[in-house]
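Worksheet for the structure shown next.
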Amino acid sequence: MTPSHPSLIVPFYEHPADRPEAWDAVVGAAASLYGVVLNPANGAGPAPDPAFAAVAERLRAAGARVLGYTDTAYGRRPHGEVVAELLRHRDWYGVDGAFLDQVPTAHEALAHVGRIGVAARAAGVRTLVLNHGAHPDPGYAELADLLVTFEGPWDSYRGLELPVADHYCHLVYAAPRDALPVTRVHCAVPGTGAHPWGTLPHGLERRP
């Protein structure tokens, strides 16, 4: 990817019925975003959610890359469960990408995550994002389009000197309005506590 590509990824974990105006803002900026993470119920959920299906359709129509959220439990979740959830995201919400959360960083887990990646591509995933939350073994770069190599609060982030590459992404919360992560693809939100990703990113808030 070239530097001209959009840089803001939006993991916004709020229900459209509760925050319709915020989702309107995300849809309005859709064409200029790297992608939007769709997370109906800490994953695809037990059944289709019509409100999320409608938002996903609006995002796609607006030109957004929609990434279905799936937790891997740091590699402890069985392969079949993860793949089944990827398929539910595809069938229920029409996602064209996947955001795998809590992905391990160790070399020993490469084979397990690699099998998930192969299955995801076979299921139609065009963009695969692995959220390690920390810097992983270099082998993971071959498995995905984007690696989240930091997730944490701004107070911790601003004092670090982390490796930077086009395929790295930093997710920062409890961030001031002028906070700017150093990776090309990134997100900085003001949210704090147990649910920081229930707030819109500062970059999105600044959009007209």
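Residues in the structure tokens are numbered from 1 in each chain, the chains being A, B, ... in the order shown, and ligands are numbered from 1 in the order shown.
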**OP:** Find the spatial neighbours of segment 170-183 of chain A, counting only C-alpha atoms, within a cut-off of 7 Å - ignore same-chain residues fewer than 6 positions away - and output them as a ChimeraX atom specification.
**Re:** /A:148-154,164,189-192,196,202
Original post:
Can you list, as a ChimeraX atom specification, every protein, DNA or RNA residue that comes within 10 Å of Phe52 of chain A when you count only C-alpha atoms, leaving out same-chain residues fewer than 5 positions away?
Top reply: /A:14-17,38-40,44,57-58,92-93
I need the residues from that last selection saved to file as an mmCIF file, in the first residue's frame (with N, CA and C atoms), if you can.
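Result file selection.cif:
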```cif
data_model
loop_
_atom_site.group_PDB
_atom_site.id
_atom_site.type_symbol
_atom_site.label_atom_id
_atom_site.label_comp_id
_atom_site.auth_asym_id
_atom_site.auth_seq_id
_atom_site.Cartn_x
_atom_site.Cartn_y
_atom_site.Cartn_z
ATOM 1 N N GLU A 14 -20.227 0.217 19.698
ATOM 2 C CA GLU A 14 -21.492 0.695 20.249
ATOM 3 C C GLU A 14 -22.633 0.243 19.346
ATOM 4 N N HIS A 15 -23.787 -0.020 19.928
ATOM 5 C CA HIS A 15 -24.927 -0.485 19.139
ATOM 6 C C HIS A 15 -25.535 0.680 18.361
ATOM 7 N N PRO A 16 -25.884 0.472 17.098
ATOM 8 C CA PRO A 16 -26.454 1.558 16.298
ATOM 9 C C PRO A 16 -27.736 2.144 16.878
ATOM 10 N N ALA A 17 -28.525 1.350 17.586
ATOM 11 C CA ALA A 17 -29.757 1.869 18.182
ATOM 12 C C ALA A 17 -29.469 2.817 19.340
ATOM 13 N N LEU A 38 -16.622 -4.010 12.789
ATOM 14 C CA LEU A 38 -18.007 -4.289 13.176
ATOM 15 C C LEU A 38 -18.011 -5.338 14.279
ATOM 16 N N ASN A 39 -18.598 -4.975 15.429
ATOM 17 C CA ASN A 39 -18.546 -5.853 16.602
ATOM 18 C C ASN A 39 -19.920 -5.906 17.273
ATOM 19 N N PRO A 40 -20.851 -6.692 16.735
ATOM 20 C CA PRO A 40 -22.213 -6.714 17.269
ATOM 21 C C PRO A 40 -22.324 -7.210 18.707
ATOM 22 N N ALA A 44 -19.622 -11.908 16.182
ATOM 23 C CA ALA A 44 -20.816 -11.853 15.333
ATOM 24 C C ALA A 44 -22.105 -11.991 16.124
ATOM 25 N N GLU A 57 -24.494 -2.505 5.709
ATOM 26 C CA GLU A 57 -24.912 -2.222 4.335
ATOM 27 C C GLU A 57 -24.644 -0.759 3.974
ATOM 28 N N ARG A 58 -24.931 0.143 4.910
ATOM 29 C CA ARG A 58 -24.665 1.564 4.668
ATOM 30 C C ARG A 58 -23.168 1.823 4.497
ATOM 31 N N TRP A 92 -24.044 -12.935 7.677
ATOM 32 C CA TRP A 92 -25.041 -12.068 8.314
ATOM 33 C C TRP A 92 -24.831 -10.592 8.007
ATOM 34 N N TYR A 93 -23.566 -10.183 7.863
ATOM 35 C CA TYR A 93 -23.276 -8.756 7.740
ATOM 36 C C TYR A 93 -22.529 -8.386 6.453
#
```
Those in chain A with strand (DSSP E or B) from DSSP, as a PDB file with C-alpha atoms, in the first residue's frame:
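So states.pdb came out as:
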```
ATOM      1  CA  LEU A   8      -7.852   5.894  10.150  1.00  0.00           C
ATOM      2  CA  ILE A   9      -9.227   2.561  11.344  1.00  0.00           C
ATOM      3  CA  VAL A  10     -12.375   2.769  13.462  1.00  0.00           C
ATOM      4  CA  PRO A  11     -13.081   0.128  16.126  1.00  0.00           C
ATOM      5  CA  GLY A  35     -11.729   0.352   7.638  1.00  0.00           C
ATOM      6  CA  VAL A  36     -14.479   0.031  10.244  1.00  0.00           C
ATOM      7  CA  VAL A  37     -14.517  -2.827  12.767  1.00  0.00           C
ATOM      8  CA  LEU A  38     -18.007  -4.289  13.176  1.00  0.00           C
ATOM      9  CA  VAL A  66     -15.946  -3.535   6.840  1.00  0.00           C
ATOM     10  CA  LEU A  67     -13.985  -5.792   9.209  1.00  0.00           C
ATOM     11  CA  GLY A  68     -15.791  -8.369  11.330  1.00  0.00           C
ATOM     12  CA  TYR A  69     -14.512  -8.599  14.920  1.00  0.00           C
ATOM     13  CA  THR A  70     -13.486 -12.066  16.115  1.00  0.00           C
ATOM     14  CA  ASP A  71     -11.626 -12.880  19.335  1.00  0.00           C
ATOM     15  CA  GLY A  97     -12.544  -8.178   6.043  1.00  0.00           C
ATOM     16  CA  ALA A  98     -11.694  -9.586   9.464  1.00  0.00           C
ATOM     17  CA  PHE A  99     -10.286  -8.036  12.628  1.00  0.00           C
ATOM     18  CA  LEU A 100      -8.870 -10.814  14.791  1.00  0.00           C
ATOM     19  CA  ASP A 101      -8.452  -9.652  18.380  1.00  0.00           C
ATOM     20  CA  THR A 127      -8.357  -7.575   4.372  1.00  0.00           C
ATOM     21  CA  LEU A 128      -7.062  -9.389   7.443  1.00  0.00           C
ATOM     22  CA  VAL A 129      -6.036  -7.416  10.536  1.00  0.00           C
ATOM     23  CA  LEU A 130      -4.336  -9.129  13.483  1.00  0.00           C
ATOM     24  CA  ASN A 131      -4.541  -7.285  16.799  1.00  0.00           C
ATOM     25  CA  LEU A 146      -2.131  -5.187   8.972  1.00  0.00           C
ATOM     26  CA  LEU A 147      -0.693  -5.973  12.413  1.00  0.00           C
ATOM     27  CA  VAL A 148      -1.771  -4.014  15.485  1.00  0.00           C
ATOM     28  CA  THR A 149       1.515  -3.814  17.377  1.00  0.00           C
ATOM     29  CA  PHE A 150       0.314  -1.533  20.171  1.00  0.00           C
ATOM     30  CA  GLU A 151      -2.978  -1.149  22.005  1.00  0.00           C
ATOM     31  CA  GLY A 152      -3.027   0.828  25.223  1.00  0.00           C
ATOM     32  CA  PRO A 153      -3.341   4.247  26.892  1.00  0.00           C
ATOM     33  CA  TYR A 168       1.823  -1.823  11.563  1.00  0.00           C
ATOM     34  CA  CYS A 169      -1.075  -0.149  13.325  1.00  0.00           C
ATOM     35  CA  HIS A 170      -1.303   1.498  16.758  1.00  0.00           C
ATOM     36  CA  LEU A 171      -4.570   1.781  18.715  1.00  0.00           C
ATOM     37  CA  VAL A 172      -4.399   4.354  21.500  1.00  0.00           C
ATOM     38  CA  TYR A 173      -7.047   5.269  24.053  1.00  0.00           C
ATOM     39  CA  VAL A 185      -2.776   3.325   9.998  1.00  0.00           C
ATOM     40  CA  HIS A 186      -3.936   4.144  13.508  1.00  0.00           C
ATOM     41  CA  CYS A 187      -6.718   5.214  15.841  1.00  0.00           C
ATOM     42  CA  ALA A 188      -6.697   7.494  18.885  1.00  0.00           C
TER      43      ALA A 188
END
```
Neighbours of Val103 of chain A within 7 Å (only C-alpha atoms; same-chain residues fewer than 4 positions away dropped), as a PDB file with C-alpha atoms, in the first residue's frame?
```
ATOM      1  CA  THR A  72      -8.953 -15.605  19.191  1.00  0.00           C
ATOM      2  CA  ALA A  73      -8.342 -15.605  23.001  1.00  0.00           C
ATOM      3  CA  TYR A  74      -4.568 -15.424  22.398  1.00  0.00           C
ATOM      4  CA  GLY A  75      -4.673 -18.613  20.340  1.00  0.00           C
ATOM      5  CA  LEU A 130      -4.336  -9.129  13.483  1.00  0.00           C
ATOM      6  CA  ASN A 131      -4.541  -7.285  16.799  1.00  0.00           C
ATOM      7  CA  HIS A 132      -1.610  -8.473  18.889  1.00  0.00           C
TER       8      HIS A 132
END
```
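Atom pair atom CA of Gly203 of chain A / atom CA of Tyr34 of chain A has a distance of 12.2 Å (rounded to one decimal).
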